[in-house]
Amino acid sequence: MAERKPLISGNWKMHMNHLEAIQFIQKLSYALDQADYKSADVSIHPPFTNLRSAQTVLDADNIPVALGAQHCHWEERGAFTGEVSPTMLAKLAVSYVIAGHSERRQLFGETDDNVNLRLKAILAAGMTPIMCCGETLDEREADQTEARITDQVDGGLAGLKRDQVGAMVIAYEPVWAIGTGRTATPADAQAGCGLIRERVAANFGANAAAGVRIQYGGSVKPVNVAELMAQPDIDGALVGGASLEVDSFSRIIRFRLQ
Ligand code: 13P
C-alpha cells in the first residue's frame with residue numbers, strides 16, 4: 001500500500017482573534033523544524049476573520065503550515081447572508097476546508113446532501129476537503145455505528161470522481177469523544193477508520209482507498225497520539241482543544257519523534 005504522509009490539523013473552532021492567531025503562528029514556527037515538517041503535513045483552521053492575517057504571516061515567513069478553513073458554502077456568490085464561498089477561500093491561499101463537522105451537523109442542520117454539495121464546490125475551487133463523519137453516543141449504544149458511518153461516507157462522497165476521493169481527507173470523529181476528554185481506544189478508532197477505507201474501496205476502488213488520508217479526531221492529546229497514529233488506517237489527526245496551545249499542538253505534530 002502507498003505510504004500516506006500523516007496530516008495533523010488544528011481545528012481552532014471559535015477560538016482566537018486575528019492578533020492571537022498571528023502570535024500563535026509565529027510561536028508555532030519557532031517550535032517546529034524541518035524534521036517535523038518532513039514527518040507530517042500540518043494545517044491550521046482558524047476562524048474566517050483570521051485567515052487573511054494568518055496567510056500573510058505564513059507567506060512572509062515561508063512557514064510550511066497549510067492554511068485551512070472550518071466551513072464554506074457551496075455557491076460561488078449570492079444572497080447567502082453570513083456565508084463564505086469556496087472561491088473566496090481559495091483566493092486567500094486556503095488549501096484544506098473542513099466539511100460536515102459534527103458541530104455543524106448538530107448545531108447548524110448540515111446534512112449528508114449539503115456536505116456533498118460542499119465537497120464538490122471545494123474541489124471545484126482547487127482545494128482539498130476534510131469530510132468529517134462519526135456516530136453519536138446514542139447511535140453507538142444502539143449498535144448503529146457502522147450504519148451511520150456508511151451513510152455519511154456514501155452520501156457525502158456521492159458522485160465524486162475516483163481520483164478526487166483518493167486525494168482528499170476524511171476525518172473519523174466519534175461525537176462522544178469530541179471535547180469530552182474521552183478518547184476512542186486505538187482499536188475503536190481503527191475500527192471506524194478501517195470501515196471508512198472499506199467503504200471508499202467498495203465505492204471508488206482500491207487506488208482511491210489507498211490514497212485517501214483518514215484522520216482520527218476526538219480528544220487527541222500528546223499522550224495518546226502515538227498509539228492512535230500507529231493504527232494501519234489512521235493517517236493523521238484532527239485536533240480541537242489541544243491545537244490551541246503551541247506546546248501541545250507541536251508535541252502532537254512530532255508524535256513520531258517522541
Ligand atoms: P477535541 O480535540 O477538542 O476533542 O475536538 C475534536 C474536534 O472536533 C476536531 O475537529
# chains A, B, ... in the order shown; residues from 1 in each chain; ligands from 1

call {"tool": "residues_near_ligand", "arguments": {"ligand": "ligand 1", "cutoff": "9 Å", "atoms": "only C-alpha atoms and all ligand atoms", "output": "VMD selection string"}}
result
chain A and resid 9 to 13 70 98 101 to 103 132 171 173 to 183 216 to 221 237 to 243

call {"tool": "select_by_dssp", "arguments": {"residues": "region 56-162 of chain A", "states": "alpha helix (DSSP H)", "output": "PyMOL selection string"}}
result
chain A and resi 56-60+86-91+102-108+112-124+137-141+145-157+162

call {"tool": "residues_around", "arguments": {"residues": "Asp113 (chain A)", "least_positions_apart": "6", "cutoff": "9 Å", "atoms": "only C-alpha atoms", "output": "JSON, numbers by chain"}}
result
{"A": [155, 156, 158]}

call {"tool": "residues_around", "arguments": {"residues": "Ser29 (chain A)", "least_positions_apart": "2", "cutoff": "12 Å", "atoms": "only C-alpha atoms", "output": "count of residues only"}}
result
24

call {"tool": "closest_residue", "arguments": {"among": "A:Leu123, A:Ile214, A:Asn116, A:Val223", "to": "Gly159 (chain A)", "atoms": "only C-alpha atoms"}}
result
A:Asn116

call {"tool": "residues_around", "arguments": {"residues": "Ala208 (chain A)", "least_positions_apart": "2", "cutoff": "9 Å", "atoms": "only C-alpha atoms", "output": "list in words"}}
result
Arg162, Asp163, Gln164, Val165, Gly166, Ala167, Arg197, Val200, Ala201, Phe204, Gly205, Ala206, Ala210, Gly211 and Val212 of chain A

call {"tool": "closest_residue", "arguments": {"among": "A:Leu244, A:Phe80, A:Leu19, A:Ile170", "to": "Ile44 (chain A)", "atoms": "only C-alpha atoms"}}
result
A:Leu244

call {"tool": "select_by_dssp", "arguments": {"residues": "region 3-238 of chain A", "states": "strand (DSSP E)", "output": "JSON, numbers by chain"}}
result
{"A": [7, 8, 9, 10, 11, 41, 42, 43, 44, 45, 66, 67, 68, 69, 94, 95, 96, 97, 98, 99, 128, 129, 130, 131, 132, 133, 169, 170, 171, 172, 213, 214, 215, 216, 217, 236, 237, 238]}

call {"tool": "write_last_selection", "arguments": {"atoms": "C-alpha atoms", "output": "short mmCIF file (atom, residue, chain, number, x, y, z; two decimals), in the first residue's frame"}}
result
data_model
loop_
_atom_site.label_atom_id
_atom_site.label_comp_id
_atom_site.auth_asym_id
_atom_site.auth_seq_id
_atom_site.Cartn_x
_atom_site.Cartn_y
_atom_site.Cartn_z
CA LEU A 7 -1.78 15.15 8.18
CA ILE A 8 -2.10 16.83 11.56
CA SER A 9 -4.78 19.52 11.50
CA GLY A 10 -5.68 22.04 14.18
CA ASN A 11 -9.38 22.92 14.19
CA ASP A 41 1.92 17.70 6.95
CA VAL A 42 0.38 20.35 9.18
CA SER A 43 -2.70 22.51 8.69
CA ILE A 44 -4.37 25.09 10.89
CA HIS A 45 -8.04 26.05 10.63
CA ALA A 66 -1.09 24.82 5.28
CA LEU A 67 -3.96 27.20 5.81
CA GLY A 68 -7.38 25.65 6.33
CA ALA A 69 -10.95 26.80 6.86
CA VAL A 94 -6.60 28.21 1.77
CA SER A 95 -5.69 24.58 0.96
CA TYR A 96 -7.98 22.49 3.17
CA VAL A 97 -11.62 23.03 4.10
CA ILE A 98 -13.43 21.02 6.76
CA ALA A 99 -16.93 19.94 5.69
CA THR A 128 -8.84 19.68 -0.52
CA PRO A 129 -11.88 18.78 1.57
CA ILE A 130 -11.64 17.22 5.02
CA MET A 131 -15.00 15.50 5.35
CA CYS A 132 -15.97 14.63 8.93
CA CYS A 133 -18.10 11.70 9.93
CA VAL A 169 -9.13 13.67 3.55
CA ILE A 170 -11.83 12.06 5.68
CA ALA A 171 -11.89 12.51 9.44
CA TYR A 172 -13.47 9.93 11.71
CA ARG A 213 -5.98 10.11 4.12
CA ILE A 214 -8.14 9.24 7.11
CA GLN A 215 -7.72 11.26 10.28
CA TYR A 216 -8.96 10.42 13.74
CA GLY A 217 -10.41 13.27 15.81
CA GLY A 236 -3.38 11.81 10.91
CA ALA A 237 -5.37 13.71 13.49
CA LEU A 238 -7.98 16.45 13.52
#

call {"tool": "atom_distance", "arguments": {"atom1": "CA of Arg104 (chain A)", "atom2": "CA of Leu89 (chain A)"}}
result
18.3 Å

call {"tool": "atom_distance", "arguments": {"atom1": "CA of Ala191 (chain A)", "atom2": "CA of Asn224 (chain A)"}}
result
16.7 Å

call {"tool": "atom_distance", "arguments": {"atom1": "CA of Leu157 (chain A)", "atom2": "CA of Glu198 (chain A)"}}
result
13.5 Å

call {"tool": "residues_around", "arguments": {"residues": "Trp74 (chain A)", "least_positions_apart": "6", "cutoff": "7 Å", "atoms": "only C-alpha atoms", "output": "compact mmCIF listing (two decimals) with N, CA, C and O atoms, in the first residue's frame"}}
result
# COMPACT_ATOMS: atom_id res chain seq x y z
N SER A 85 -17.75 31.83 0.40
CA SER A 85 -17.72 30.87 -0.71
C SER A 85 -16.35 30.21 -0.85
O SER A 85 -15.33 30.78 -0.43
N PRO A 86 -16.31 29.03 -1.48
CA PRO A 86 -15.03 28.35 -1.69
C PRO A 86 -14.04 29.19 -2.49
O PRO A 86 -12.84 29.16 -2.21
N LEU A 117 -22.67 18.67 -1.57
CA LEU A 117 -22.57 19.87 -2.42
C LEU A 117 -21.31 20.66 -2.07
O LEU A 117 -20.60 21.18 -2.92
N ARG A 118 -21.04 20.75 -0.76
CA ARG A 118 -19.86 21.48 -0.29
C ARG A 118 -18.57 20.84 -0.81
O ARG A 118 -17.66 21.52 -1.26
N ALA A 121 -17.99 21.68 -4.36
CA ALA A 121 -17.61 23.08 -4.55
C ALA A 121 -16.16 23.32 -4.09
O ALA A 121 -15.42 24.07 -4.73
